[in-house]
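Input: a single structure, listed below in structure tokens.
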Amino acid sequence: IHCPFCHSQNWSMGLSLNRQATNCWKCGPHPIQETLCRASKNHNYRHHYKPTNRDKKNQETTGNYQEPTTYKLGPQAQEYLQNRGLNPSTMEQVWGARSTGTLGPLAHRIFLPVLHEKTPCSWVARSLGKAKPRYLTPPPQEEGYPIKKTLYGAWNVPRHTPYVVVCEGPLDVCKLGPGAIGLYGTAISREQLYQILNYPIVFLALDQDTPGQRATEKLGNVITFAGGITIKLGLPGPAKDPGDLSQDQVKDLWKLVHLYLQENKKIPETNYN
């Protein structure tokens with residue numbers, strides 16, 4: 001990015017998401033908080049990120065997409081979804097959910113396709129029980145596009161919307177519905193960050209555990225540095241993540257989002273009635 005200290009206009013400053021640090025090859029390293037403060041005073045950095053050659057290379061497809069054999073949601077999968085407060089019909093129609101069957105390495109899981117540019121490119125498979133890991137993804141050679149370069153549910157976010165709600169897991173996104181996106185965990189790739197920065201307002205609803213809250217702080221700092229607006233959404237009661245919310249609580253969460261947008265005149269009130 002352009003350095004807010006020496007005012008270089010040739011992309012001299014690098015930002016490390018993992019180290020939460022910045023370094024300009026002209027004037028040296030700077031504390032992250034001081035950089036955030038100066039950037040917010042000097043410029044809107046949301047449009048000042050320049051993808052590197054490595055980013056462009058990583059955007060290329062990694063293999064031929066191979067989708068495993070799946071089936072219509074069976075009784076076990078439907079019961080699991082209902083216990084999680086999810087409607088099986090909605091999961092099938094909106095999210096493309098399928099069952100993986102009872103045999104093989106993907107047995108007893110719910111299959112969720114991942115799209116890139118509206119085309120299936122990868123998938124995640126969520127276990128129905130306590131099997132580890134909870135989520136499985138295909139090897140890179142069986143992906144049409146790297147899953148960590150996508151945001152789960154981004155294809156269901158209404159076009160031209162100025163805001164988005166960021167979660168961790170795919171089922172968190174399914175619980176909140178269109179308008180939410182998922183990172184597939186707490187780690188965020190550069191390509192995911194570039195996509196998130198397309199939204200001027202980002203509501204953060206990551207898990208309430210320590211890794212989730214650390215990721216919330218880290219992502220919030222980066223978005224703020226880039227000139228965006230971040231709002232942390234607290235979850236009610238014992239909920240550990242958005243997937244634990246009841247349908248009434250989901251409605252309340254969206255009411256909070258819409259109330260903020262209405263009070264700050266970010267979108268017309270009729271858009272979310």
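Going by the structure tokens order, chains are called A, B, ..., each with residues numbered from 1, while ligands are numbered from 1 in the order shown.
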Item checked: Near-Lys132 of chain A list (12 Å; only C-alpha atoms; drop same-chain fewer than 3 positions) as a list in words -> Pro105, Leu106, His108, Arg109, Ala125, Arg126, Ser127, Leu128, Gly129, Tyr135 and Leu136 of chain A
Next item on the list: May I have the residues within 9 Å of Arg214 of chain A as a PyMOL selection string, using only C-alpha atoms and disregarding those fewer than 5 positions away in the same chain?
Entry: chain A and resi 186+209+219
Notebook entry, point to check: Between A:His30, A:Lys175, A:Arg190, A:His2, which is the closest to Trp95 of chain A once you count only C-alpha atoms?
Noted result: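 Between A:His30, A:Lys175, A:Arg190, A:His2, the residue approaching Trp95 of chain A most closely is A:Lys175.
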Margin query: Can you pull out the residues contacting Asn264 of chain A? Cut-off 12 Å, using only C-alpha atoms, and skip same-chain residues under 6 positions away; I want them as a list in words.
Written below: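 Using only C-alpha atoms, the neighbours found are Ile201, Ile229, Val257 and His258 of chain A.
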Got time to write the residues from that selection, N, CA and C atoms, as a JSON list (two decimals), in the first residue's frame?
[["chain", "number", "residue", "atom", "x", "y", "z"],
["A", 201, "ILE", "N", -18.95, -1.51, 4.78],
["A", 201, "ILE", "CA", -19.29, -1.77, 6.18],
["A", 201, "ILE", "C", -19.25, -3.27, 6.42],
["A", 229, "ILE", "N", -15.41, 0.36, 7.59],
["A", 229, "ILE", "CA", -16.07, 0.47, 8.89],
["A", 229, "ILE", "C", -16.35, -0.94, 9.40],
["A", 257, "VAL", "N", -28.36, -4.93, 12.83],
["A", 257, "VAL", "CA", -27.62, -4.53, 11.64],
["A", 257, "VAL", "C", -28.38, -3.45, 10.88],
["A", 258, "HIS", "N", -29.66, -3.68, 10.66],
["A", 258, "HIS", "CA", -30.47, -2.74, 9.89],
["A", 258, "HIS", "C", -30.68, -1.43, 10.65]]
Next item on the list: Give the answer as one residue: which of A:Gly63, A:Gly227, A:Pro146, A:Gly153 has the shortest atom-to-atom distance to Ser189 of chain A, using only C-alpha atoms?
Entry: A:Pro146
Item checked: Given only C-alpha atoms as the counted atoms, nearest of A:Pro200, A:Gly169, A:Gly101, A:Pro162 to Thr224 of chain A ->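 Answer, going by the shortest atom-to-atom distance: A:Pro200.
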Check: Looking at only C-alpha atoms, which of A:Gly220, A:Gly177, A:Gly212, A:Gly228 is the one that sits closest to Tyr163 of chain A?
Finding: A:Gly228
Item checked: Who sits within 10 Å of Gly234 of chain A, only C-alpha atoms, same chain under 3 positions skipped, as a ChimeraX atom specification -> /A:204-208,231,237,239,241-242,253
Just to be explicit: take each residue in the selection above, keep N, CA and C atoms, and write the result as a CSV table (one decimal), in the first residue's frame.
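New file again_37.csv:
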chain,number,residue,atom,x,y,z
A,204,LEU,N,-18.8,-8.0,12.2
A,204,LEU,CA,-18.0,-9.2,12.5
A,204,LEU,C,-18.7,-10.0,13.5
A,205,ALA,N,-19.0,-11.3,13.2
A,205,ALA,CA,-19.8,-12.2,14.0
A,205,ALA,C,-19.0,-13.6,14.1
A,206,LEU,N,-17.7,-13.5,14.4
A,206,LEU,CA,-16.9,-14.7,14.5
A,206,LEU,C,-17.2,-15.4,15.9
A,207,ASP,N,-16.7,-16.6,16.1
A,207,ASP,CA,-17.0,-17.3,17.3
A,207,ASP,C,-16.5,-16.5,18.5
A,208,GLN,N,-17.2,-16.9,19.7
A,208,GLN,CA,-16.9,-16.1,20.9
A,208,GLN,C,-15.7,-16.7,21.7
A,231,ILE,N,-18.0,-3.3,12.7
A,231,ILE,CA,-18.8,-3.3,13.9
A,231,ILE,C,-18.8,-4.7,14.4
A,237,GLY,N,-26.6,-14.5,25.3
A,237,GLY,CA,-26.7,-15.7,26.1
A,237,GLY,C,-25.5,-16.6,25.9
A,239,ALA,N,-24.7,-18.5,23.5
A,239,ALA,CA,-24.3,-18.8,22.1
A,239,ALA,C,-22.8,-18.7,21.9
A,241,ASP,N,-21.4,-19.3,18.8
A,241,ASP,CA,-21.2,-18.8,17.4
A,241,ASP,C,-22.6,-18.6,16.8
A,242,PRO,N,-22.7,-18.0,15.7
A,242,PRO,CA,-24.0,-17.7,15.1
A,242,PRO,C,-24.8,-19.0,14.9
A,253,LEU,N,-30.6,-10.2,15.5
A,253,LEU,CA,-29.3,-9.8,15.1
A,253,LEU,C,-29.4,-8.9,13.8
